[in-house]
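Participant: Okay, so here is target.tsv, and as you'll see once you scroll down, it has TSV, C-alpha atoms and all ligand atoms.
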chain	number	residue	atom	x	y	z
A	1	MET	CA	-6.98	-18.81	7.39
A	2	PHE	CA	-5.82	-15.19	7.57
A	3	LEU	CA	-2.22	-15.80	8.65
A	4	ILE	CA	0.11	-13.38	10.41
A	5	GLU	CA	1.97	-13.17	7.09
A	6	SER	CA	-1.25	-11.88	5.47
A	7	ILE	CA	-1.32	-8.83	7.76
A	8	PRO	CA	0.00	-5.86	5.72
A	9	ALA	CA	3.62	-5.18	6.69
A	10	GLU	CA	2.94	-1.68	8.04
A	11	TYR	CA	0.48	-3.05	10.60
A	12	ARG	CA	2.03	-6.41	11.44
A	13	GLU	CA	4.41	-5.50	14.25
A	14	ARG	CA	1.84	-3.42	16.13
A	15	ALA	CA	-0.85	-6.03	15.60
A	16	VAL	CA	1.43	-8.62	17.19
A	17	LYS	CA	2.24	-6.26	20.09
A	18	THR	CA	-1.44	-5.48	20.63
A	19	ALA	CA	-2.31	-9.19	20.56
A	20	ALA	CA	0.34	-9.77	23.23
A	21	ALA	CA	-1.12	-6.95	25.33
A	22	LEU	CA	-4.60	-8.49	25.05
A	23	SER	CA	-3.30	-11.92	26.00
A	24	GLY	CA	-1.96	-10.39	29.21
A	25	ILE	CA	-5.30	-9.00	30.43
A	26	ASP	CA	-8.46	-10.60	31.82
A	27	ASP	CA	-11.85	-9.58	33.25
A	28	VAL	CA	-12.16	-7.09	30.46
A	29	LEU	CA	-14.55	-4.18	30.04
A	30	ILE	CA	-15.02	-3.56	26.31
A	31	ALA	CA	-16.21	-0.11	25.26
A	32	ALA	CA	-16.48	2.12	22.19
A	33	HIS	CA	-17.90	5.54	21.40
A	34	ILE	CA	-21.44	6.21	22.57
A	35	HIS	CA	-24.29	5.75	20.08
A	36	PRO	CA	-22.25	2.98	18.46
A	37	ASP	CA	-22.19	2.63	14.69
A	38	GLY	CA	-21.46	-0.62	12.84
A	39	ASP	CA	-17.72	-0.23	13.31
A	40	ALA	CA	-17.95	0.52	17.04
A	41	LEU	CA	-20.30	-2.41	17.68
A	42	GLY	CA	-18.53	-4.79	15.27
A	43	SER	CA	-15.17	-4.01	16.89
A	44	MET	CA	-16.55	-4.55	20.41
A	45	ALA	CA	-18.19	-7.83	19.40
A	46	ALA	CA	-15.05	-9.09	17.64
A	47	VAL	CA	-12.83	-8.32	20.64
A	48	GLY	CA	-15.44	-9.85	22.97
A	49	TRP	CA	-15.55	-13.08	20.98
A	50	MET	CA	-11.76	-13.13	20.80
A	51	MET	CA	-11.44	-12.78	24.57
A	52	GLN	CA	-14.13	-15.39	25.17
A	53	ARG	CA	-12.40	-17.87	22.85
A	54	ALA	CA	-9.20	-17.25	24.84
A	55	GLY	CA	-11.08	-18.26	28.01
A	56	LYS	CA	-11.33	-14.78	29.48
A	57	ARG	CA	-14.23	-12.96	31.12
A	58	GLN	CA	-15.48	-10.00	29.10
A	59	VAL	CA	-18.41	-7.63	29.02
A	60	ILE	CA	-19.48	-5.12	26.38
A	61	TYR	CA	-20.37	-1.78	27.93
A	62	ALA	CA	-22.88	0.21	25.89
A	63	PRO	CA	-24.31	3.06	28.02
A	64	THR	CA	-26.51	4.43	25.21
A	65	GLY	CA	-27.69	0.98	24.08
A	66	ILE	CA	-27.41	-0.73	20.70
A	67	PRO	CA	-29.26	0.89	17.77
A	68	GLU	CA	-32.10	-1.26	16.52
A	69	ASN	CA	-30.69	-1.74	13.02
A	70	LEU	CA	-27.63	-3.45	14.57
A	71	HIS	CA	-29.56	-5.87	16.78
A	72	PHE	CA	-28.96	-8.68	14.29
A	73	LEU	CA	-25.28	-8.98	15.20
A	74	ASP	CA	-24.39	-11.93	17.47
A	75	LEU	CA	-22.77	-10.66	20.64
A	76	PRO	CA	-20.59	-12.68	23.04
A	77	GLY	CA	-22.98	-12.25	25.97
A	78	ALA	CA	-25.33	-9.61	27.33
A	79	THR	CA	-24.30	-5.97	27.06
A	80	CYS	CA	-24.23	-3.71	30.09
A	81	HIS	CA	-25.71	-0.21	30.21
A	82	SER	CA	-24.40	0.86	33.61
A	83	LEU	CA	-21.02	0.55	35.31
A	84	ARG	CA	-22.96	-0.22	38.49
A	85	ASP	CA	-24.36	-3.53	37.30
A	86	LEU	CA	-21.45	-5.20	35.57
A	87	PRO	CA	-21.40	-9.00	35.95
A	88	PHE	CA	-17.87	-8.87	37.45
A	89	LYS	CA	-15.35	-6.26	38.61
A	90	PRO	CA	-13.30	-5.39	35.53
A	91	GLN	CA	-9.53	-5.55	35.84
A	92	SER	CA	-8.79	-4.05	32.44
A	93	ALA	CA	-10.43	-2.26	29.53
A	94	VAL	CA	-10.33	-2.23	25.74
A	95	TYR	CA	-11.39	1.07	24.12
A	96	LEU	CA	-12.41	0.83	20.47
A	97	ASP	CA	-13.22	3.25	17.64
A	98	CYS	CA	-12.97	6.11	20.11
A	99	SER	CA	-10.40	8.88	20.14
A	100	GLU	CA	-11.43	10.78	23.24
A	101	PRO	CA	-12.45	9.70	26.76
A	102	ALA	CA	-15.53	11.96	26.59
A	103	ARG	CA	-17.00	9.87	23.76
A	104	LEU	CA	-16.95	6.77	26.00
A	105	GLY	CA	-19.91	8.33	27.79
A	106	GLU	CA	-20.03	10.38	30.94
A	107	ALA	CA	-19.48	7.66	33.55
A	108	LEU	CA	-16.61	5.80	31.91
A	109	GLY	CA	-15.12	8.95	30.35
A	110	ALA	CA	-14.57	10.43	33.80
A	111	ASP	CA	-12.86	7.27	35.00
A	112	TYR	CA	-11.36	5.71	31.87
A	113	ASP	CA	-7.81	5.75	33.23
A	114	SER	CA	-8.57	3.84	36.43
A	115	LEU	CA	-8.15	0.54	34.54
A	116	PRO	CA	-5.14	-0.65	32.54
A	117	SER	CA	-6.32	-0.29	28.96
A	118	VAL	CA	-5.71	-1.10	25.32
A	119	ASN	CA	-6.92	1.36	22.67
A	120	ILE	CA	-7.55	0.38	19.05
A	121	ASP	CA	-8.77	3.18	16.78
A	122	HIS	CA	-8.56	4.79	13.36
A	123	HIS	CA	-9.61	8.39	14.03
A	124	LEU	CA	-7.29	11.08	12.69
A	125	GLY	CA	-5.70	13.15	15.43
A	126	SER	CA	-6.18	10.47	18.07
A	127	SER	CA	-3.26	10.38	20.47
A	128	GLY	CA	-4.12	6.99	21.94
A	129	MET	CA	-5.64	6.74	25.40
A	130	GLY	CA	-4.54	3.18	26.20
A	131	SER	CA	-2.22	2.84	29.18
A	132	VAL	CA	-0.97	-0.65	28.20
A	133	ALA	CA	-1.02	-0.49	24.40
A	134	ASN	CA	-2.29	1.70	21.58
A	135	PHE	CA	-2.94	0.56	18.03
A	136	VAL	CA	-4.08	3.79	16.41
A	137	GLU	CA	-3.78	4.01	12.67
A	138	SER	CA	-5.74	6.58	10.70
A	139	SER	CA	-4.95	4.87	7.39
A	140	ALA	CA	-7.21	1.98	8.41
A	141	ALA	CA	-10.70	2.06	6.91
A	142	ALA	CA	-12.29	0.87	10.14
A	143	THR	CA	-11.28	0.03	13.68
A	144	ALA	CA	-12.59	-3.45	12.85
A	145	GLN	CA	-9.79	-3.77	10.25
A	146	LEU	CA	-7.17	-3.25	12.96
A	147	VAL	CA	-9.08	-5.57	15.30
A	148	ALA	CA	-9.03	-8.27	12.59
A	149	TYR	CA	-5.24	-7.97	12.31
A	150	VAL	CA	-4.91	-8.29	16.09
A	151	ILE	CA	-7.13	-11.39	16.10
A	152	ALA	CA	-5.10	-12.90	13.25
A	153	ALA	CA	-1.88	-12.06	15.11
A	154	SER	CA	-3.24	-13.91	18.14
A	155	GLY	CA	-3.60	-17.04	16.01
A	156	GLN	CA	-7.42	-17.10	15.96
A	157	LYS	CA	-9.50	-17.60	12.83
A	158	LEU	CA	-11.68	-14.85	11.36
A	159	GLU	CA	-14.74	-17.05	11.08
A	160	GLY	CA	-18.22	-17.37	12.56
A	161	PRO	CA	-19.44	-14.45	14.68
A	162	VAL	CA	-15.94	-12.91	14.73
A	163	GLY	CA	-15.84	-12.77	10.94
A	164	ARG	CA	-19.34	-11.27	10.79
A	165	ALA	CA	-18.48	-8.66	13.44
A	166	VAL	CA	-15.34	-7.59	11.56
A	167	GLY	CA	-17.29	-7.61	8.27
A	168	LEU	CA	-19.97	-5.35	9.74
A	169	GLY	CA	-17.38	-2.76	10.82
A	170	LEU	CA	-15.69	-2.77	7.42
A	171	MET	CA	-18.91	-2.71	5.42
A	172	THR	CA	-20.40	0.21	7.34
A	173	ASP	CA	-17.30	2.41	7.71
A	174	THR	CA	-16.50	2.07	3.99
A	175	GLY	CA	-20.09	2.92	3.03
A	176	GLY	CA	-20.51	-0.51	1.46
A	177	PHE	CA	-16.94	-0.69	0.09
A	178	CYS	CA	-16.97	2.50	-1.94
A	179	HIS	CA	-15.64	5.33	0.24
A	180	GLY	CA	-12.07	6.51	-0.42
A	181	ASN	CA	-10.85	4.40	2.50
A	182	THR	CA	-11.65	1.14	0.66
A	183	THR	CA	-8.10	0.00	0.00
A	184	ALA	CA	-6.72	-3.19	-1.50
A	185	ASP	CA	-5.99	-4.26	2.10
A	186	VAL	CA	-9.71	-3.97	2.88
A	187	PHE	CA	-10.66	-6.07	-0.13
A	188	GLU	CA	-8.04	-8.67	0.76
A	189	LEU	CA	-9.29	-8.94	4.31
A	190	CYS	CA	-12.91	-9.09	3.17
A	191	ALA	CA	-12.13	-11.76	0.58
A	192	ASN	CA	-10.88	-13.84	3.48
A	193	LEU	CA	-13.97	-13.08	5.58
A	194	SER	CA	-16.19	-14.03	2.64
A	195	ARG	CA	-14.36	-17.32	2.08
A	196	ASN	CA	-14.85	-18.08	5.77
A	197	GLY	CA	-18.61	-17.63	5.66
A	198	CYS	CA	-19.26	-13.91	6.16
A	199	ASP	CA	-22.31	-13.20	3.94
A	200	PHE	CA	-22.12	-9.52	3.01
A	201	ALA	CA	-25.34	-9.54	0.96
A	202	HIS	CA	-27.24	-10.91	3.94
A	203	MET	CA	-25.61	-8.31	6.17
A	204	ARG	CA	-26.75	-5.54	3.84
A	205	GLU	CA	-30.30	-6.87	3.99
A	206	ASN	CA	-30.11	-6.94	7.80
A	207	LEU	CA	-28.80	-3.37	7.85
A	208	GLN	CA	-31.18	-1.86	5.33
A	209	LYS	CA	-34.50	-3.65	5.65
A	210	THR	CA	-35.30	-1.93	8.92
A	211	TRP	CA	-37.20	1.20	7.91
A	212	THR	CA	-40.57	2.31	9.18
A	213	LEU	CA	-42.93	4.30	6.97
A	214	GLY	CA	-42.42	7.18	9.41
A	215	ARG	CA	-38.70	7.17	8.65
A	216	MET	CA	-39.39	7.24	4.94
A	217	HIS	CA	-41.67	10.25	5.41
A	218	LEU	CA	-39.10	11.95	7.65
A	219	TRP	CA	-36.45	11.58	4.96
A	220	GLY	CA	-38.90	13.08	2.47
A	221	ARG	CA	-39.22	16.06	4.81
A	222	ILE	CA	-35.45	16.34	5.10
A	223	PHE	CA	-34.89	16.29	1.33
A	224	THR	CA	-37.65	18.86	0.84
A	225	ARG	CA	-36.22	21.16	3.48
A	226	ALA	CA	-32.55	20.93	2.41
A	227	SER	CA	-31.08	24.21	1.26
A	228	LEU	CA	-27.94	25.44	-0.45
A	229	GLU	CA	-25.84	27.96	1.44
A	230	LEU	CA	-22.56	29.83	1.08
A	231	ASN	CA	-22.57	30.20	-2.69
A	232	ASP	CA	-23.89	26.67	-3.14
A	233	CYS	CA	-20.83	25.30	-1.32
A	234	LEU	CA	-22.92	23.67	1.40
A	235	VAL	CA	-26.18	21.72	1.45
A	236	ILE	CA	-27.69	21.70	4.90
A	237	CYS	CA	-30.80	20.56	6.71
A	238	VAL	CA	-31.91	20.92	10.32
A	239	VAL	CA	-34.00	18.17	11.94
A	240	THR	CA	-35.80	19.10	15.14
A	241	ARG	CA	-37.26	16.99	17.94
A	242	ALA	CA	-40.68	18.08	16.70
A	243	ASP	CA	-39.90	16.52	13.28
A	244	LEU	CA	-38.96	13.23	14.94
A	245	ALA	CA	-42.12	13.27	17.07
A	246	GLU	CA	-44.32	14.07	14.07
A	247	PHE	CA	-43.18	10.93	12.25
A	248	SER	CA	-42.77	8.73	15.37
A	249	CYS	CA	-39.04	8.56	14.67
A	250	SER	CA	-36.03	8.26	16.95
A	251	ARG	CA	-32.71	10.03	16.50
A	252	ASP	CA	-31.35	6.86	14.88
A	253	ASP	CA	-33.77	7.44	12.00
A	254	VAL	CA	-31.68	10.44	10.91
A	255	GLU	CA	-28.55	8.27	10.65
A	256	GLY	CA	-27.31	7.98	7.07
A	257	VAL	CA	-29.36	10.73	5.44
A	258	VAL	CA	-26.32	13.02	5.20
A	259	GLU	CA	-24.75	10.50	2.79
A	260	TRP	CA	-27.61	11.28	0.40
A	261	LEU	CA	-27.33	15.06	0.77
A	262	ARG	CA	-23.74	14.71	-0.38
A	263	ARG	CA	-25.09	13.58	-3.77
A	264	LEU	CA	-26.23	17.09	-4.61
A	265	ARG	CA	-24.25	18.01	-7.70
A	266	LYS	CA	-23.46	21.59	-6.73
A	267	ALA	CA	-22.58	21.25	-3.07
A	268	ARG	CA	-19.14	20.26	-1.85
A	269	ILE	CA	-20.12	19.80	1.77
A	270	ALA	CA	-23.25	18.16	3.14
A	271	ALA	CA	-24.43	18.86	6.67
A	272	ILE	CA	-27.21	17.60	8.91
A	273	ILE	CA	-27.99	19.20	12.25
A	274	ARG	CA	-30.13	17.08	14.56
A	275	GLU	CA	-31.69	18.55	17.68
A	276	ASP	CA	-31.03	16.05	20.48
A	277	GLY	CA	-32.18	18.09	23.45
A	278	ARG	CA	-32.70	21.61	24.74
A	279	LYS	CA	-29.66	23.53	23.52
A	280	LEU	CA	-28.05	20.32	22.31
A	281	CYS	CA	-27.46	19.51	18.66
A	282	LYS	CA	-25.49	16.84	16.86
A	283	PHE	CA	-24.00	17.72	13.49
A	284	SER	CA	-22.76	15.41	10.75
A	285	LEU	CA	-20.60	16.54	7.84
A	286	ARG	CA	-19.71	14.79	4.60
A	287	SER	CA	-17.58	15.67	1.58
A	288	PHE	CA	-15.72	14.03	-1.26
A	289	GLY	CA	-12.01	14.07	-2.15
A	290	ASP	CA	-9.81	16.82	-0.74
A	291	ASP	CA	-12.55	18.83	0.97
A	292	ASP	CA	-11.64	18.34	4.62
A	293	VAL	CA	-14.72	18.35	6.85
A	294	ARG	CA	-12.75	17.06	9.83
A	295	ALA	CA	-11.10	20.48	10.09
A	296	ILE	CA	-14.55	22.09	10.36
A	297	ALA	CA	-15.74	19.55	12.94
A	298	ALA	CA	-12.53	19.98	14.94
A	299	ALA	CA	-13.00	23.77	15.01
A	300	LEU	CA	-16.37	23.09	16.65
A	301	GLY	CA	-14.99	20.59	19.18
A	302	GLY	CA	-15.77	17.44	17.17
A	303	GLY	CA	-13.69	15.22	14.95
A	304	GLY	CA	-13.70	12.29	12.54
A	305	HIS	CA	-12.18	11.80	9.12
A	306	ARG	CA	-11.50	14.00	6.08
A	307	ASN	CA	-14.75	13.10	4.30
A	308	ALA	CA	-16.91	12.17	7.31
A	309	ALA	CA	-16.90	14.08	10.57
A	310	GLY	CA	-19.22	15.20	13.29
A	311	GLY	CA	-19.67	16.58	16.75
A	312	THR	CA	-22.11	18.10	19.19
A	313	LEU	CA	-22.91	21.72	19.97
A	314	SER	CA	-24.52	23.19	23.07
A	315	ALA	CA	-26.86	25.29	21.01
A	316	SER	CA	-30.39	25.53	19.65
A	317	PRO	CA	-30.85	24.29	16.06
A	318	GLU	CA	-30.80	27.88	14.71
A	319	GLU	CA	-27.65	28.75	16.68
A	320	ALA	CA	-26.01	25.49	15.63
A	321	LYS	CA	-26.71	26.21	11.98
A	322	LYS	CA	-25.24	29.71	12.29
A	323	CYS	CA	-22.19	28.33	14.08
A	324	LEU	CA	-21.64	25.69	11.41
A	325	LEU	CA	-21.98	28.16	8.53
A	326	GLU	CA	-19.48	30.47	10.22
A	327	ALA	CA	-17.01	27.64	10.75
A	328	VAL	CA	-17.28	26.48	7.12
A	329	GLU	CA	-16.76	30.04	5.95
A	330	GLN	CA	-13.87	30.69	8.30
A	331	ILE	CA	-12.00	27.53	7.46
A	332	GLY	CA	-12.75	28.12	3.79
A	333	VAL	CA	-12.63	24.44	2.97
A	334	CYS	CA	-14.07	24.94	-0.48
A	335	GLY	CA	-13.10	28.47	-1.30
A	336	CYS	CA	-16.42	29.83	-0.04
A	337	ARG	CA	-14.69	32.33	2.20
B	1	LIG	P1	-21.29	10.77	12.10
B	1	LIG	O1	-21.57	12.05	11.42
B	1	LIG	O2	-21.85	10.65	13.46
B	1	LIG	O3	-21.60	9.62	11.22
B	1	LIG	O4	-19.72	10.75	12.32
B	1	LIG	C1	-18.82	10.79	11.25
B	1	LIG	C2	-17.43	10.49	11.75
B	1	LIG	O5	-17.03	11.50	12.67
B	1	LIG	C3	-17.31	9.17	12.50
B	1	LIG	O6	-16.05	8.60	12.22
B	1	LIG	C4	-17.39	9.57	13.94
B	1	LIG	O7	-16.73	8.66	14.76
B	1	LIG	C5	-16.72	10.92	13.93
B	1	LIG	N1	-17.28	11.78	14.98
B	1	LIG	C6	-18.57	12.12	15.15
B	1	LIG	N2	-18.71	12.91	16.23
B	1	LIG	C7	-17.49	13.08	16.76
B	1	LIG	C8	-16.95	13.78	17.91
B	1	LIG	N3	-17.73	14.47	18.73
B	1	LIG	N4	-15.62	13.69	18.13
B	1	LIG	C9	-14.83	12.98	17.31
B	1	LIG	N5	-15.24	12.32	16.23
B	1	LIG	C10	-16.55	12.35	15.95
B	2	MN	MN	-17.56	4.86	14.72
B	3	MN	MN	-14.84	3.69	12.75
What do you get writing this file as structure tokens?
Facilitator:
Amino acid sequence: MFLIESIPAEYRERAVKTAAALSGIDDVLIAAHIHPDGDALGSMAAVGWMMQRAGKRQVIYAPTGIPENLHFLDLPGATCHSLRDLPFKPQSAVYLDCSEPARLGEALGADYDSLPSVNIDHHLGSSGMGSVANFVESSAAATAQLVAYVIAASGQKLEGPVGRAVGLGLMTDTGGFCHGNTTADVFELCANLSRNGCDFAHMRENLQKTWTLGRMHLWGRIFTRASLELNDCLVICVVTRADLAEFSCSRDDVEGVVEWLRRLRKARIAAIIREDGRKLCKFSLRSFGDDDVRAIAAALGGGGHRNAAGGTLSASPEEAKKCLLEAVEQIGVCGCR
């Protein structure tokens, strides 16, 4: 069992406090950032299972749905897409992997402070939006890591669906345990998950063996179209709605491709711009080491981490690309000023 004593000292006290805060709430609405990734969904599921095991009512709120490649994860009940058809009237909320109310989605974002709330997150620059407790620690590799410590502090075991949910968050936010955030603490926690039945190889198969031929062809298009800009500092590619339609792809099919652009030997920053609507683009940025892409994302109203950041722009794909190039140049992350 992952004992309280196993929680790294720098997190222990706040994990215990957060566990106490969670034990004091019931009828819980559980939410994370919209378009959930593995960490957002894994964290929601883990907290949901934890609450259910403690005999509490809980519901996972996912206004934009669950991406298809994450459907394999066992959830503690049905998820809810609208605040209007929740199975009960929530008396409290837990906000996970989310640093700003706006990223909870429009409906909840506008009303996030009407419920007493607990916030667990690892985004840099997050001030903590929980009214009852905040466990915000940017040194954590994943929100799921902090959630695991809270569950351990509450005396529950990290096994079964809880262990798999935590494992999913850690595996995805560390890029399969090789990003710079993969600390000894992560390995120690994951060793415990593995001993308790979390099968990481099976999880990888679930995550990866989901592609359509259309997606493979779309990625081919993206690699072919990628270009080097700003003295080879930046590799960038724009994906339009027409591209997605041509290959019968959804926006989720673009997820992850930016990790591959970052492999280009010359470039220090990799960027993908995805057209999501008329005058609406999502951008994703990646780098290695000291090149801080969060600063670029933040200048454009987004956020994230030093080597992985993103945001949205109210702009056409061409305008978004121009905006991004200007921001990279202005911030001069890699001396391309
Ligand atoms: P993505 O490019 O969507 O994979 O996001 C990379 C990282 O940046 C993740 O940690 C996201 O949670 C974070 N991120 C993406 N968009 C935003 C945003 N609008 N505000 C704050 N953080 C973001
Ligand atoms: Mn996330
Ligand atoms: Mn995360």
Participant: Report the closest atom pair, with its distance in Å rounded to one decimal, for each residue of chain A that has an atom no farther than 10 Å from ligand LIG 1 (chain B); count all atoms listed in the file, sort by chain and then rising residue number, and write it as a tab-separated table.
Facilitator:
residue	atom	partner	partner_atom	distance
A:Ala32	CA	B:LIG1	O7	9.9
A:His33	CA	B:LIG1	O7	7.4
A:Ile34	CA	B:LIG1	O7	9.4
A:His35	CA	B:LIG1	O2	8.6
A:Pro36	CA	B:LIG1	O7	8.7
A:Asp37	CA	B:LIG1	O3	7.8
A:Asp39	CA	B:LIG1	O6	9.1
A:Ala40	CA	B:LIG1	O7	8.5
A:Asp97	CA	B:LIG1	O7	7.1
A:Cys98	CA	B:LIG1	O7	7.0
A:Ser99	CA	B:LIG1	C9	6.7
A:Glu100	CA	B:LIG1	C9	7.2
A:Ala102	CA	B:LIG1	N3	8.5
A:Arg103	CA	B:LIG1	N3	6.9
A:Asp121	CA	B:LIG1	O7	9.9
A:His122	CA	B:LIG1	O6	8.5
A:His123	CA	B:LIG1	O6	6.7
A:Leu124	CA	B:LIG1	N5	8.8
A:Gly125	CA	B:LIG1	C9	9.3
A:Ser126	CA	B:LIG1	C9	9.0
A:Ala141	CA	B:LIG1	O6	10.0
A:Ala142	CA	B:LIG1	O6	8.8
A:Thr143	CA	B:LIG1	O6	9.9
A:Asp173	CA	B:LIG1	O6	7.8
A:Glu255	CA	B:LIG1	O3	7.1
A:Gly256	CA	B:LIG1	O3	7.2
A:Val257	CA	B:LIG1	O3	9.7
A:Val258	CA	B:LIG1	O1	7.9
A:Glu259	CA	B:LIG1	O3	9.0
A:Ala271	CA	B:LIG1	O1	8.8
A:Ile272	CA	B:LIG1	O1	8.3
A:Ile273	CA	B:LIG1	O1	9.6
A:Lys282	CA	B:LIG1	N2	7.9
A:Phe283	CA	B:LIG1	O1	6.5
A:Ser284	CA	B:LIG1	O1	3.6
A:Leu285	CA	B:LIG1	O1	5.8
A:Arg286	CA	B:LIG1	O1	7.6
A:Val293	CA	B:LIG1	O5	9.3
A:Arg294	CA	B:LIG1	O5	7.6
A:Ala297	CA	B:LIG1	C8	7.7
A:Ala298	CA	B:LIG1	N4	7.7
A:Leu300	CA	B:LIG1	N3	9.0
A:Gly301	CA	B:LIG1	N3	6.7
A:Gly302	CA	B:LIG1	N4	3.9
A:Gly303	CA	B:LIG1	C9	3.4
A:Gly304	CA	B:LIG1	O5	3.4
A:His305	CA	B:LIG1	O6	5.9
A:Arg306	CA	B:LIG1	C2	8.9
A:Asn307	CA	B:LIG1	C2	8.3
A:Ala308	CA	B:LIG1	C1	4.6
A:Ala309	CA	B:LIG1	O5	3.3
A:Gly310	CA	B:LIG1	C6	3.7
A:Gly311	CA	B:LIG1	N3	3.5
A:Thr312	CA	B:LIG1	N3	5.7
A:Leu313	CA	B:LIG1	N3	9.0
Participant: Can you list, as JSON, numbers by chain, every protein, DNA or RNA residue that comes within 12 Å of Lys322 in chain A when you count all atoms listed in the file, leaving out same-chain residues fewer than 5 positions away?
Facilitator: {"A": [229, 230, 236, 238, 273, 300, 313, 315, 316, 317, 327, 328, 329]}
Participant: My list of candidates is A:Ser287, A:Thr172, A:Ser82, A:Ser127. Which is closest to ligand MN 2 (chain B) when distances are computed with only C-alpha atoms and all ligand atoms?
Facilitator: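 Of A:Ser287, A:Thr172, A:Ser82, A:Ser127, the one nearest ligand MN 2 (chain B), counting only C-alpha atoms and all ligand atoms, is A:Thr172.
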Participant: Would you please work out which residue, of A:Pro161, A:Arg274, A:Ser227, A:Asp252, is nearest to Thr64 in chain A when using only C-alpha atoms?
Facilitator: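 Comparing A:Pro161, A:Arg274, A:Ser227, A:Asp252 against Thr64 in chain A, the winner is A:Asp252.
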Participant: Using only C-alpha atoms and all ligand atoms, can you tell me which of A:Gln330, A:Ser194, A:Ser248, A:Ser43 comes closest to ligand MN 3 (chain B)?
Facilitator: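 Once distances to ligand MN 3 (chain B) are computed over only C-alpha atoms and all ligand atoms, the minimum belongs to A:Ser43.
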Participant: Residues near range 264-267 of chain A, anyone? I mean within 9 Å using only C-alpha atoms, not counting same-chain ones fewer than 5 positions away, as a ChimeraX atom specification.
Facilitator: /A:228-229,231-235,287
Participant: Kindly indicate which residue among A:Pro8, A:Gly155, A:Gly42, A:Gly289 lies nearest to Ala140 in chain A, using only C-alpha atoms for the distances.
Facilitator: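 Among the listed residues, the smallest separation from Ala140 in chain A belongs to A:Pro8.
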Participant: Set the distance at 12 Å and use only C-alpha atoms: which residues neighbour Met203 in chain A once local chain neighbours fewer than 4 positions away are removed? I'd like the list as a PyMOL selection string.
Facilitator: chain A and resi 38+69-74+163-172+176+194+197-199+207-210
Participant: What's the separation between CA of Phe177 in chain A and CA of Ser138 in chain A, in Å to one decimal place?
Facilitator: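 A separation of 17.1 Å between them.
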Participant: Between A:Ala107, A:Thr174, A:Tyr149, A:Ile269, which one has atoms that come closest to ligand MN 2 (chain B), using all atoms listed in the file?
Facilitator: A:Thr174
Participant: For each of A:Thr224, A:Ser139, A:Ser23, A:Ser114, take the minimum atom-to-atom distance to ligand MN 3 (chain B), counting only C-alpha atoms and all ligand atoms, then give the residue where this is smallest.
Facilitator: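 Comparing A:Thr224, A:Ser139, A:Ser23, A:Ser114 against ligand MN 3 (chain B), the winner is A:Ser139.
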Participant: Just the residues within 8 Å of Phe2 in chain A, please, counting all atoms listed in the file, with nothing from its chain fewer than 6 positions along; format it as an MDAnalysis selection string.
Facilitator: chainID A and resid 152 157:158 189 192
Participant: Please determine the residues with any atom at most 7 Å from (-15.2, -12.7, 17.8) (coordinates as given in the file, with only C-alpha atoms counting) and report them as a tab-separated table (two decimals) with C-alpha atoms, in the frame of the given file.
Facilitator:
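File written: out09.tsv
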chain	number	residue	atom	x	y	z
A	45	ALA	CA	-18.19	-7.83	19.40
A	46	ALA	CA	-15.05	-9.09	17.64
A	47	VAL	CA	-12.83	-8.32	20.64
A	48	GLY	CA	-15.44	-9.85	22.97
A	49	TRP	CA	-15.55	-13.08	20.98
A	50	MET	CA	-11.76	-13.13	20.80
A	161	PRO	CA	-19.44	-14.45	14.68
A	162	VAL	CA	-15.94	-12.91	14.73
A	163	GLY	CA	-15.84	-12.77	10.94
A	165	ALA	CA	-18.48	-8.66	13.44
Participant: Can you tell me which residues surround Leu86 in chain A at a distance of at most 10 Å, considering all atoms listed in the file, apart from same-chain residues fewer than 5 positions away, and format the answer as number ranges by chain?
Facilitator: A: 29, 59-61, 79-81
